[in-house]
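Visitor: Next up, model.txt (compact mmCIF, C-alpha atoms).
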```
# COMPACT_ATOMS: atom_id res chain seq x y z
CA MET Y 13 121.57 143.38 44.39
CA LYS Y 14 119.60 145.18 41.68
CA ILE Y 15 116.75 147.68 41.94
CA ILE Y 16 113.84 145.95 40.24
CA LYS Y 17 110.95 148.28 41.13
CA GLN Y 18 110.27 151.81 42.26
CA ALA Y 19 110.25 152.14 46.06
CA SER Y 20 110.32 154.84 48.71
CA ALA Y 21 111.07 155.25 52.41
CA GLY Y 22 110.97 157.97 55.06
CA THR Y 23 108.81 161.04 55.44
CA MET Y 24 108.88 164.78 54.82
CA GLU Y 25 108.85 165.48 58.57
CA SER Y 26 111.53 167.43 60.36
CA SER Y 27 114.74 165.44 61.05
CA ASP Y 28 113.70 162.83 58.49
CA ALA Y 29 114.47 162.24 54.82
CA TYR Y 30 112.23 160.99 52.03
CA VAL Y 31 114.00 158.67 49.64
CA GLU Y 32 112.80 157.35 46.28
CA ILE Y 33 114.69 154.74 44.31
CA GLU Y 34 114.08 153.45 40.77
CA PRO Y 35 115.66 150.96 38.38
CA ARG Y 36 118.24 152.43 35.98
CA ASP Y 37 120.51 150.79 33.41
CA ASN Y 38 123.54 153.03 33.21
CA GLY Y 39 125.13 153.85 36.54
CA LEU Y 40 123.96 155.90 39.48
CA ASP Y 41 121.92 159.07 39.23
CA ILE Y 42 121.51 160.83 42.58
CA HIS Y 43 119.37 163.94 43.15
CA ILE Y 44 119.42 165.72 46.49
CA GLU Y 45 117.09 168.42 47.75
CA SER Y 46 118.00 169.69 51.18
CA VAL Y 47 117.63 172.76 53.34
CA VAL Y 48 121.34 172.39 54.07
CA GLU Y 49 122.39 171.47 50.53
CA GLN Y 50 124.99 174.25 50.34
CA GLN Y 51 126.82 173.03 53.45
CA PHE Y 52 126.14 169.30 53.41
CA GLY Y 53 125.06 168.35 49.88
CA GLU Y 54 128.35 166.60 49.10
CA LYS Y 55 128.35 164.81 52.45
CA ILE Y 56 124.79 163.58 51.91
CA GLU Y 57 125.67 162.29 48.45
CA ALA Y 58 128.75 160.51 49.81
CA THR Y 59 126.57 158.86 52.47
CA VAL Y 60 124.06 157.71 49.83
CA ARG Y 61 126.86 156.31 47.65
CA GLU Y 62 128.31 154.47 50.65
CA VAL Y 63 125.01 152.75 51.41
CA LEU Y 64 124.49 151.85 47.74
CA ALA Y 65 127.99 150.37 47.67
CA GLU Y 66 127.25 148.26 50.74
CA PHE Y 67 124.54 146.59 48.66
CA ASP Y 68 126.78 146.41 45.61
CA LEU Y 69 124.36 148.63 43.71
CA ASN Y 70 125.82 150.29 40.64
CA ASP Y 71 122.67 151.13 38.69
CA ALA Y 72 119.88 153.13 40.27
CA GLU Y 73 118.18 156.48 40.28
CA VAL Y 74 117.91 157.93 43.79
CA ARG Y 75 116.03 161.08 44.80
CA ILE Y 76 116.29 162.43 48.34
CA VAL Y 77 114.36 165.19 50.02
CA ASP Y 78 116.26 165.89 53.22
CA ARG Y 79 114.52 167.64 56.12
CA GLY Y 80 117.58 168.05 58.29
CA ALA Y 81 118.15 164.35 58.89
CA LEU Y 82 121.25 163.10 60.66
CA GLU Y 83 123.55 160.79 58.74
CA CYS Y 84 122.29 157.68 60.56
CA VAL Y 85 118.72 158.58 59.54
CA ILE Y 86 119.68 159.11 55.88
CA ARG Y 87 121.50 155.78 55.93
CA ALA Y 88 118.42 154.07 57.38
CA ARG Y 89 116.03 155.57 54.84
CA VAL Y 90 118.26 154.76 51.87
CA GLU Y 91 118.71 151.20 53.09
CA THR Y 92 114.96 150.78 53.60
CA ALA Y 93 114.26 152.05 50.07
CA ILE Y 94 116.87 149.65 48.68
CA GLN Y 95 115.40 146.69 50.58
CA ARG Y 96 111.93 147.58 49.34
CA GLY Y 97 112.89 148.09 45.73
CA GLY Y 98 115.67 145.56 45.40
CA GLY Y 99 116.02 141.98 44.39
CA GLU Y 100 118.88 139.61 43.76
CA VAL Y 101 120.39 139.68 40.27
CA MET T 23 119.43 152.31 88.25
CA ARG T 24 116.24 152.38 86.28
CA ARG T 25 113.59 154.72 87.71
CA SER T 26 112.04 155.95 84.46
CA LEU T 27 111.62 154.17 81.13
CA LEU T 28 110.50 156.36 78.24
CA PHE T 29 108.83 154.88 75.17
CA LEU T 30 109.95 156.41 71.87
CA PRO T 31 108.23 155.51 68.58
CA GLY T 32 110.63 153.49 66.47
CA ASN T 33 109.96 155.22 63.18
CA ASN T 34 110.19 158.82 64.35
CA PRO T 35 113.71 160.22 63.82
CA ASN T 36 112.89 163.48 65.57
CA MET T 37 112.20 161.61 68.81
CA LEU T 38 114.88 158.94 68.46
CA ILE T 39 117.81 161.28 67.93
CA ASN T 40 116.89 163.14 71.12
CA ALA T 41 116.71 159.95 73.19
CA GLY T 42 119.76 160.84 75.23
CA TYR T 43 118.49 164.29 76.19
CA LEU T 44 115.06 163.51 77.59
CA GLY T 45 116.15 162.74 81.15
CA SER T 46 114.96 159.15 81.49
CA ASP T 47 117.18 156.45 82.94
CA ALA T 48 116.19 154.16 80.08
CA VAL T 49 114.55 154.61 76.70
CA ILE T 50 112.39 151.97 75.05
CA PHE T 51 112.63 152.12 71.26
CA ASP T 52 109.24 150.84 70.20
CA LEU T 53 108.94 148.55 67.17
CA GLU T 54 105.49 147.33 68.18
CA ASP T 55 102.37 149.44 68.77
CA ALA T 56 103.93 152.75 67.72
CA VAL T 57 104.78 151.40 64.26
CA SER T 58 102.27 150.52 61.54
CA PRO T 59 102.65 147.14 59.81
CA ALA T 60 103.77 148.84 56.57
CA GLU T 61 106.65 150.59 58.38
CA LYS T 62 108.00 147.72 60.51
CA ASP T 63 110.99 147.28 58.21
CA ALA T 64 111.80 151.01 58.22
CA ALA T 65 111.56 151.30 62.01
CA ARG T 66 113.76 148.27 62.56
CA ILE T 67 116.54 149.78 60.41
CA LEU T 68 116.13 153.26 61.90
CA VAL T 69 116.30 152.01 65.49
CA ARG T 70 119.29 149.84 64.64
CA ASN T 71 121.11 152.82 63.12
CA THR T 72 120.22 155.10 66.03
CA MET T 73 121.73 152.59 68.42
CA ARG T 74 124.75 151.99 66.19
CA TYR T 75 125.72 155.56 65.35
CA MET T 76 124.34 157.78 68.13
CA GLN T 77 126.05 158.27 71.47
CA LEU T 78 123.12 158.02 73.89
CA ASP T 79 123.68 158.62 77.59
CA CYS T 80 120.92 156.34 78.80
CA GLU T 81 120.11 152.66 78.90
CA LYS T 82 118.68 151.29 75.65
CA ILE T 83 115.78 148.84 75.59
CA VAL T 84 113.86 147.77 72.49
CA ARG T 85 110.24 146.63 72.38
CA ILE T 86 110.10 143.97 69.70
CA ASN T 87 106.92 142.56 68.22
CA SER T 88 105.12 139.69 69.93
CA VAL T 89 105.63 136.04 69.13
CA ASP T 90 102.22 135.80 67.45
CA THR T 91 103.41 138.11 64.65
CA ALA T 92 105.67 137.58 61.66
CA TYR T 93 108.05 140.33 62.79
CA TRP T 94 109.74 139.27 66.04
CA LYS T 95 112.60 137.23 64.57
CA ALA T 96 113.54 139.98 62.11
CA ASP T 97 113.43 142.44 65.02
CA ILE T 98 115.91 140.32 66.97
CA ASP T 99 118.13 139.81 63.91
CA ALA T 100 118.38 143.57 63.44
CA ILE T 101 118.58 144.72 67.04
CA LEU T 102 120.60 142.12 68.94
CA PRO T 103 123.93 143.06 67.26
CA GLU T 104 123.54 146.54 68.78
CA LYS T 105 123.46 145.05 72.28
CA PRO T 106 120.44 146.63 73.92
CA SER T 107 120.35 145.89 77.65
CA LEU T 108 116.90 144.32 77.35
CA LEU T 109 114.28 143.32 74.84
CA LEU T 110 110.77 144.18 75.98
CA LEU T 111 108.60 141.24 74.90
CA PRO T 112 104.95 142.25 74.48
CA LYS T 113 101.97 140.02 75.21
CA ALA T 114 104.05 137.59 77.24
CA SER T 115 101.33 135.29 78.49
CA SER T 116 103.16 132.07 79.28
CA PRO T 117 106.66 130.80 80.05
CA GLU T 118 106.71 129.27 76.56
CA ASP T 119 106.53 132.74 74.97
CA VAL T 120 109.71 133.74 76.78
CA ILE T 121 111.48 130.44 76.19
CA GLN T 122 110.78 130.68 72.44
CA VAL T 123 112.35 134.14 72.26
CA ALA T 124 115.25 133.24 74.56
CA SER T 125 116.02 130.22 72.43
CA TYR T 126 116.15 132.30 69.25
CA MET T 127 118.33 134.86 71.03
CA ASP T 128 120.71 132.01 71.93
CA GLU T 129 121.05 131.21 68.21
CA VAL T 130 121.63 134.81 67.16
CA GLU T 131 124.14 135.45 69.95
CA GLU T 132 126.07 132.36 68.96
CA LYS T 133 126.23 133.50 65.33
CA LEU T 134 127.44 136.93 66.46
CA GLY T 135 130.02 135.45 68.81
CA TYR T 136 128.43 137.22 71.77
CA ALA T 137 128.37 135.72 75.25
CA ASN T 138 125.21 133.73 75.83
CA GLY T 139 122.66 135.78 77.74
CA SER T 140 124.34 139.12 77.04
CA VAL T 141 120.94 140.66 76.31
CA GLY T 142 118.10 140.25 78.78
CA ILE T 143 114.35 139.94 78.37
CA MET T 144 111.68 142.02 80.09
CA PRO T 145 108.32 140.30 79.58
CA LEU T 146 105.47 142.76 79.14
CA ILE T 147 102.52 141.37 81.05
CA GLU T 148 99.37 142.71 79.44
CA THR T 149 96.95 139.81 79.27
CA ALA T 150 94.86 138.14 81.95
CA LEU T 151 96.74 134.91 81.34
CA GLY T 152 100.05 136.70 81.65
CA VAL T 153 99.07 138.10 85.05
CA GLU T 154 98.07 134.67 86.28
CA ASN T 155 101.35 133.22 84.96
CA ALA T 156 103.52 136.09 86.22
CA TYR T 157 105.82 134.09 88.51
CA ALA T 158 106.24 131.24 86.00
CA ILE T 159 107.14 133.83 83.35
CA ALA T 160 109.59 135.58 85.68
CA VAL T 161 111.50 132.33 86.33
CA SER T 162 111.17 130.90 82.82
CA SER T 163 114.63 132.00 81.67
CA SER T 164 117.78 133.41 83.21
CA ARG T 165 117.44 136.19 80.63
CA VAL T 166 114.40 137.59 82.44
CA LYS T 167 115.63 140.60 84.39
CA ALA T 168 112.33 142.33 85.11
CA LEU T 169 108.56 142.19 84.61
CA PHE T 170 106.64 145.08 83.08
CA LEU T 171 102.94 145.79 83.52
CA GLY T 172 100.96 146.96 80.50
CA ALA T 173 97.59 148.18 81.71
CA GLU T 174 96.00 149.35 78.47
CA ASP T 175 95.90 145.97 76.75
CA LEU T 176 95.28 144.23 80.06
CA THR T 177 92.11 146.16 80.84
CA ALA T 178 90.85 145.45 77.34
CA ASP T 179 91.55 141.77 77.90
CA ILE T 180 89.80 141.62 81.26
CA GLN T 181 86.97 143.69 79.80
CA CYS T 182 86.97 146.68 82.09
CA LYS T 183 87.45 150.40 81.68
CA ARG T 184 90.91 151.85 82.21
CA THR T 185 90.69 154.70 84.71
CA LYS T 186 93.15 157.25 86.03
CA GLU T 187 92.61 155.98 89.57
CA GLY T 188 93.62 152.49 88.50
CA ARG T 189 91.54 150.43 90.92
CA GLU T 190 90.90 147.97 88.09
CA ILE T 191 94.62 147.09 87.94
CA GLU T 192 95.30 146.85 91.68
CA TYR T 193 95.29 143.06 91.57
CA ALA T 194 97.62 142.96 88.57
CA ARG T 195 99.99 145.46 90.17
CA THR T 196 100.17 143.49 93.39
CA ARG T 197 100.46 140.18 91.59
CA LEU T 198 103.32 141.37 89.38
CA VAL T 199 105.28 142.96 92.20
CA VAL T 200 105.02 139.84 94.35
CA ALA T 201 105.87 137.53 91.44
CA ALA T 202 108.87 139.63 90.42
CA ARG T 203 110.22 139.94 93.95
CA ALA T 204 109.75 136.21 94.53
CA ALA T 205 111.77 135.59 91.36
CA GLY T 206 114.41 138.13 92.37
CA VAL T 207 113.87 140.48 89.41
CA ASP T 208 112.80 144.11 89.01
CA VAL T 209 109.29 145.22 88.15
CA TYR T 210 108.04 148.27 86.24
CA ASP T 211 104.69 149.98 86.23
CA THR T 212 102.52 150.86 83.26
CA PRO T 213 102.62 154.41 81.81
CA PHE T 214 100.17 157.08 82.91
CA THR T 215 98.67 157.92 79.56
CA ASP T 216 97.17 161.41 80.05
CA VAL T 217 100.21 163.45 79.08
CA ASN T 218 98.52 166.73 80.04
CA ASP T 219 97.56 165.73 83.58
CA ASP T 220 100.50 166.98 85.64
CA GLU T 221 98.87 166.16 88.98
CA GLY T 222 97.66 162.74 87.91
CA ILE T 223 101.14 161.52 87.06
CA VAL T 224 102.40 162.46 90.53
CA VAL T 225 99.58 160.53 92.21
CA ASP T 226 99.99 157.53 89.91
CA ALA T 227 103.79 157.38 90.29
CA LYS T 228 103.53 157.58 94.08
CA LEU T 229 100.92 154.83 94.01
CA ALA T 230 103.21 152.63 91.91
CA LYS T 231 106.09 153.20 94.32
CA SER T 232 103.84 152.32 97.26
CA PHE T 233 103.03 148.99 95.58
CA GLY T 234 106.74 148.17 95.40
CA PHE T 235 107.53 148.84 91.75
CA THR T 236 111.17 149.51 90.89
CA GLY T 237 110.25 152.28 88.46
CA LYS T 238 107.65 153.41 86.00
CA ALA T 239 107.30 153.75 82.26
CA SER T 240 106.21 156.86 80.42
CA ILE T 241 104.95 157.68 76.96
CA SER T 242 105.81 161.37 77.34
CA PRO T 243 109.06 163.16 78.19
CA ARG T 244 106.87 165.47 80.32
CA HIS T 245 106.41 162.71 82.89
CA VAL T 246 110.06 161.72 83.24
CA GLU T 247 111.08 164.30 85.82
CA VAL T 248 108.17 163.41 88.11
CA ILE T 249 108.88 159.69 87.85
CA ASN T 250 112.58 160.18 88.57
CA SER T 251 111.74 162.29 91.58
CA VAL T 252 109.16 159.87 93.03
CA PHE T 253 111.43 156.85 92.57
CA SER T 254 114.51 158.53 94.03
CA PRO T 255 115.16 158.14 97.76
CA THR T 256 114.20 161.12 99.91
CA LEU T 257 116.77 162.84 102.13
CA ALA T 258 115.00 161.39 105.17
CA GLU T 259 115.18 157.87 103.69
CA ILE T 260 118.88 158.33 102.97
CA LYS T 261 119.59 159.56 106.49
CA TYR T 262 117.68 156.61 107.97
CA ALA T 263 119.61 154.19 105.72
CA TYR T 264 122.96 155.51 106.95
CA ASP T 265 121.69 155.38 110.56
CA VAL T 266 120.77 151.72 110.05
CA ILE T 267 124.21 150.83 108.72
CA GLU T 268 125.91 152.74 111.55
CA ALA T 269 123.73 151.01 114.14
CA ILE T 270 124.69 147.64 112.66
CA GLU T 271 128.39 148.45 112.78
CA THR T 272 128.19 149.79 116.34
CA ALA T 273 126.31 146.71 117.51
CA LYS T 274 128.88 144.43 115.88
CA LYS T 275 131.72 146.22 117.68
CA GLN T 276 129.86 145.88 120.95
CA GLY T 277 129.18 142.21 120.29
CA LYS T 278 125.42 142.69 120.45
CA GLY T 279 123.19 140.14 118.70
CA ALA T 280 119.92 142.04 118.62
CA ILE T 281 120.07 145.51 117.13
CA SER T 282 117.61 148.36 117.49
CA LEU T 283 117.36 151.87 116.16
CA ASN T 284 115.05 154.47 117.67
CA GLY T 285 113.42 151.68 119.65
CA LYS T 286 112.70 149.47 116.61
CA MET T 287 114.41 146.19 115.84
CA ILE T 288 116.60 146.08 112.76
CA ASP T 289 116.57 142.83 110.82
CA ALA T 290 118.13 141.62 107.57
CA PRO T 291 115.44 142.99 105.16
CA ILE T 292 115.78 146.46 106.73
CA VAL T 293 119.54 146.33 106.31
CA ALA T 294 119.15 145.19 102.69
CA ARG T 295 116.76 148.06 102.01
CA ALA T 296 119.20 150.52 103.64
CA GLU T 297 122.01 149.24 101.44
CA ARG T 298 119.87 149.66 98.32
CA THR T 299 118.91 153.19 99.35
CA ILE T 300 122.54 154.17 99.93
CA ALA T 301 123.63 152.63 96.63
CA MET T 302 120.93 154.60 94.80
CA ALA T 303 121.79 157.82 96.64
CA GLU T 304 125.44 157.39 95.71
CA ALA T 305 124.53 156.70 92.09
CA LEU T 306 122.46 159.88 92.05
CA GLY T 307 125.19 161.88 93.79
CA ILE T 308 122.90 162.74 96.72
CA GLU T 309 124.94 163.32 99.86
CA ARG T 310 123.84 162.47 103.35
CA ARG T 311 122.29 165.28 105.34
CA ASP T 312 121.50 164.97 109.02
CA ASP T 313 119.14 167.91 109.22
CA CYS T 314 116.11 166.11 107.80
CA GLU T 315 113.53 163.81 109.28
```
Go through the file and emit its structure as structure tokens.
Guide:
Amino acid sequence: MKIIKQASAGTMESSDAYVEIEPRDNGLDIHIESVVEQQFGEKIEATVREVLAEFDLNDAEVRIVDRGALECVIRARVETAIQRGGGEV
Amino acid sequence: MRRSLLFLPGNNPNMLINAGYLGSDAVIFDLEDAVSPAEKDAARILVRNTMRYMQLDCEKIVRINSVDTAYWKADIDAILPEKPSLLLLPKASSPEDVIQVASYMDEVEEKLGYANGSVGIMPLIETALGVENAYAIAVSSSRVKALFLGAEDLTADIQCKRTKEGREIEYARTRLVVAARAAGVDVYDTPFTDVNDDEGIVVDAKLAKSFGFTGKASISPRHVEVINSVFSPTLAEIKYAYDVIEAIETAKKQGKGAISLNGKMIDAPIVARAERTIAMAEALGIERRDDCE
């Protein structure tokens, strides 16, 4: 899969995450803003990378604003953004 | 045991992740009315992930979208692999609606390698036609495990005002209970929608129980405790149930054909009810007490 257009998913509400994804040519660029970034920033990034890998996505810019979302919620929001912005190569 | 069924909006993580802590016997993850058309895809994935990754100590049911929408097959594709106990099928108005969904579930289960019929269907009866077809719907597929009354859409369809007293849905309540019992399936009552009326929910839940409903749905966690209480057997009912079983056993030992308890004849339906009451009491961990009437 390839990201072919800008897309977003999720909300800024508590326990949720807002995810934006955009096309990019050279690799992955992941930005995370989270109230628990100090403790869980690396874990959140690993989760995002895992979901991107499941879709065989190697080129994309991803921005996440995390509002204390559980891992399953972050996974869901990243996947939704990918589905909305993605297309087959 | 399914006394209370709590609706949770399918695209609200804050509610979904607490599903196991809200006290209801079952939760209904809602992909239909609680989710806007633009967020159907997001809710489907979020509910799927909640079911896949969260340990929830309650039964999981999912309300999919109705067969007159473009969403229901994608809902089933996403949700069936997570093995909910039931799919709540809205706007079930005819046996054909259920058969169409059951048939697609057959296909998906086969692809997944699941046993056929591993997930049940609970038709949501919320149209005038659905009420009139209630028995035919209940027996339309072996997947149907219960009927569910939806009064908000129903009253709109029959063109009357929805009231707290609920006289306008008495016929539908009676019709659904009789149809479900005739078909040998459970039956669940519509939610009481005023979440701030703490007395009204008690009255409405008791009314539903008096009609013969198995349990009742709720749109608010605030109503769960009341519903659980109303649909649990009372200590007096439990004592009577044990007395019935003891009377049966004593009569058998004495070789008596006709059995009575406190001057009243005991027949097969009374014994069946006593057995259900005892099973429920045991499931709830309520012990027999003899000091109650």
Visitor: So, with all atoms listed in the file as the atoms that count, which of Y:Leu69, Y:Cys84, Y:Val47, Y:Ile76 lies closest to Y:Ile16?
Guide: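 Nearest candidate to Y:Ile16 out of Y:Leu69, Y:Cys84, Y:Val47, Y:Ile76: Y:Leu69.
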Visitor: Between atom CA of T:Asn71 and atom CA of T:Asp175, what is the distance, to one decimal in Å?
Guide: 29.5 Å
Visitor: Within 8 Å of chain Y, which residues belong to chain T? Use all atoms listed in the file and report them as an MDAnalysis selection string.
Guide: chainID T and resid 34:36 63:64 67:68 71:72 75:76
Visitor: Using all atoms listed in the file, which residue out of T:Glu268, T:Glu187, T:Asp128, T:Glu118 lies closest to T:Asp216?
Guide: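 Residue with the minimum atom-to-atom distance to T:Asp216: T:Glu187.
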Visitor: Just to confirm, what's the straight-line distance from atom CA of T:Val199 to atom CA of T:Ile308 in Å (one decimal)?
Guide: 26.9 Å
Visitor: Using all atoms listed in the file, find all polymer residues with an atom at most 10 Å away from the point (102.8, 158.1, 79.3); report them as a list in words.
Guide: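 Here is the list of nearby residues: Leu27, Leu28, Phe29, Thr212, Pro213, Phe214, Thr215, Asp216, Val217, Asn218, Ile223, Lys238, Ala239, Ser240, Ile241, Ser242, Pro243, Arg244, His245 and Val246 of chain T.
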Visitor: May I have the selected residues written with C-alpha atoms, as a PDB file, in the coordinates of the input?
Guide:
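File result.pdb, as written:
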```pdb
ATOM      1  CA  LEU T  27     111.620 154.170  81.130  1.00  0.00           C
ATOM      2  CA  LEU T  28     110.500 156.360  78.240  1.00  0.00           C
ATOM      3  CA  PHE T  29     108.830 154.880  75.170  1.00  0.00           C
ATOM      4  CA  THR T 212     102.520 150.860  83.260  1.00  0.00           C
ATOM      5  CA  PRO T 213     102.620 154.410  81.810  1.00  0.00           C
ATOM      6  CA  PHE T 214     100.170 157.080  82.910  1.00  0.00           C
ATOM      7  CA  THR T 215      98.670 157.920  79.560  1.00  0.00           C
ATOM      8  CA  ASP T 216      97.170 161.410  80.050  1.00  0.00           C
ATOM      9  CA  VAL T 217     100.210 163.450  79.080  1.00  0.00           C
ATOM     10  CA  ASN T 218      98.520 166.730  80.040  1.00  0.00           C
ATOM     11  CA  ILE T 223     101.140 161.520  87.060  1.00  0.00           C
ATOM     12  CA  LYS T 238     107.650 153.410  86.000  1.00  0.00           C
ATOM     13  CA  ALA T 239     107.300 153.750  82.260  1.00  0.00           C
ATOM     14  CA  SER T 240     106.210 156.860  80.420  1.00  0.00           C
ATOM     15  CA  ILE T 241     104.950 157.680  76.960  1.00  0.00           C
ATOM     16  CA  SER T 242     105.810 161.370  77.340  1.00  0.00           C
ATOM     17  CA  PRO T 243     109.060 163.160  78.190  1.00  0.00           C
ATOM     18  CA  ARG T 244     106.870 165.470  80.320  1.00  0.00           C
ATOM     19  CA  HIS T 245     106.410 162.710  82.890  1.00  0.00           C
ATOM     20  CA  VAL T 246     110.060 161.720  83.240  1.00  0.00           C
TER      21      VAL T 246
END
```
Visitor: In terms of the shortest atom-to-atom distance over all atoms listed in the file, which of T:Arg195, T:Lys274, T:Lys113, T:Lys105 is closest to T:Gly142?
Guide: T:Lys105
Visitor: Edge lengths and centre in Å to one decimal, as AutoDock Vina command-line options, is what I'm after for the box along x, y and z that holds all listed atoms of stretch 169-183 of chain T once 4 Å is added on each side.
Guide:
```
--center_x 97.8 --center_y 146.0 --center_z 80.7 --size_x 29.6 --size_y 16.8 --size_z 15.9
```
Visitor: Atom CA of T:Met144 and atom CA of T:Leu110 are how many Å apart?
Guide: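 Value for the atom CA of T:Met144-atom CA of T:Leu110 distance: 4.7 Å.
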Visitor: Which residue, Y:Val77, Y:Ala72, Y:Ile15, Y:Ile42, has the smallest gap to Y:Ala58 when you use only C-alpha atoms?
Guide: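 Closest residue, counting only C-alpha atoms: Y:Ile42.
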Visitor: Please provide the set of residues having any atom within 7 Å of stretch 50-62 of chain T, restricted to only C-alpha atoms, with same-chain residues fewer than 5 positions apart removed, written as a list in words.
Guide: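 The contact residues come out as Leu27, Leu28, Phe29, Leu30, Pro31, Gly32, Asn33, Val69, Lys82, Ile83, Val84, Arg85, Ile86 and Asn87 of chain T.
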Visitor: Pick out the closest residue to Y:Phe52 from this set: Y:Gln18, Y:Ala65, Y:Asp78, Y:Met13. Count only C-alpha atoms.
Guide: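 So, comparing all the options, the nearest one is Y:Asp78.
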Visitor: Need the shell around stretch 146-155 of chain T: protein/DNA/RNA residues with any atom at most 8 Å away, counting only C-alpha atoms. Skip same-chain ones fewer than 2 positions apart. Format as a list in words?
Guide: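 Near neighbours after the sequence-gap exclusion: Leu110, Leu111, Pro112, Lys113, Ala114, Ser115, Ser116, Pro117, Met144, Tyr157, Ala158, Ile159, Leu169, Phe170, Leu171, Gly172, Ala173, Glu174, Asp175, Leu176, Asp179, Ile180, Ala194, Arg197 and Leu198 of chain T.
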Visitor: Neighbouring residues of T:Arg24 were defined as those with any atom within 8 Å, considering all atoms listed in the file; residues of the same chain fewer than 2 positions away were excluded. Please report them as a PDB file with C-alpha atoms, in the coordinates of the input.
Guide:
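The result, stored in out.pdb:
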```pdb
ATOM      1  CA  SER T  26     112.040 155.950  84.460  1.00  0.00           C
ATOM      2  CA  LEU T  27     111.620 154.170  81.130  1.00  0.00           C
ATOM      3  CA  ASP T  47     117.180 156.450  82.940  1.00  0.00           C
ATOM      4  CA  ALA T  48     116.190 154.160  80.080  1.00  0.00           C
ATOM      5  CA  THR T 236     111.170 149.510  90.890  1.00  0.00           C
ATOM      6  CA  GLY T 237     110.250 152.280  88.460  1.00  0.00           C
TER       7      GLY T 237
END
```
Visitor: Identify which of the residues Y:Glu54, Y:Glu100, Y:Asp68, Y:Glu45 lies closest to Y:Met24, counting all atoms listed in the file when measuring atom-to-atom distances.
Guide: Y:Glu45
Visitor: Tell me, as a list of chain:residue names, which residues lie within 9 Å of T:Ser163, counting only C-alpha atoms; anything in the same chain fewer than 2 positions away does not count.
Guide: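 Contacts, with the query itself left out: T:Pro117, T:Val120, T:Ile121, T:Ala124, T:Ile143, T:Ile159, T:Ala160, T:Val161, T:Arg165, T:Val166.
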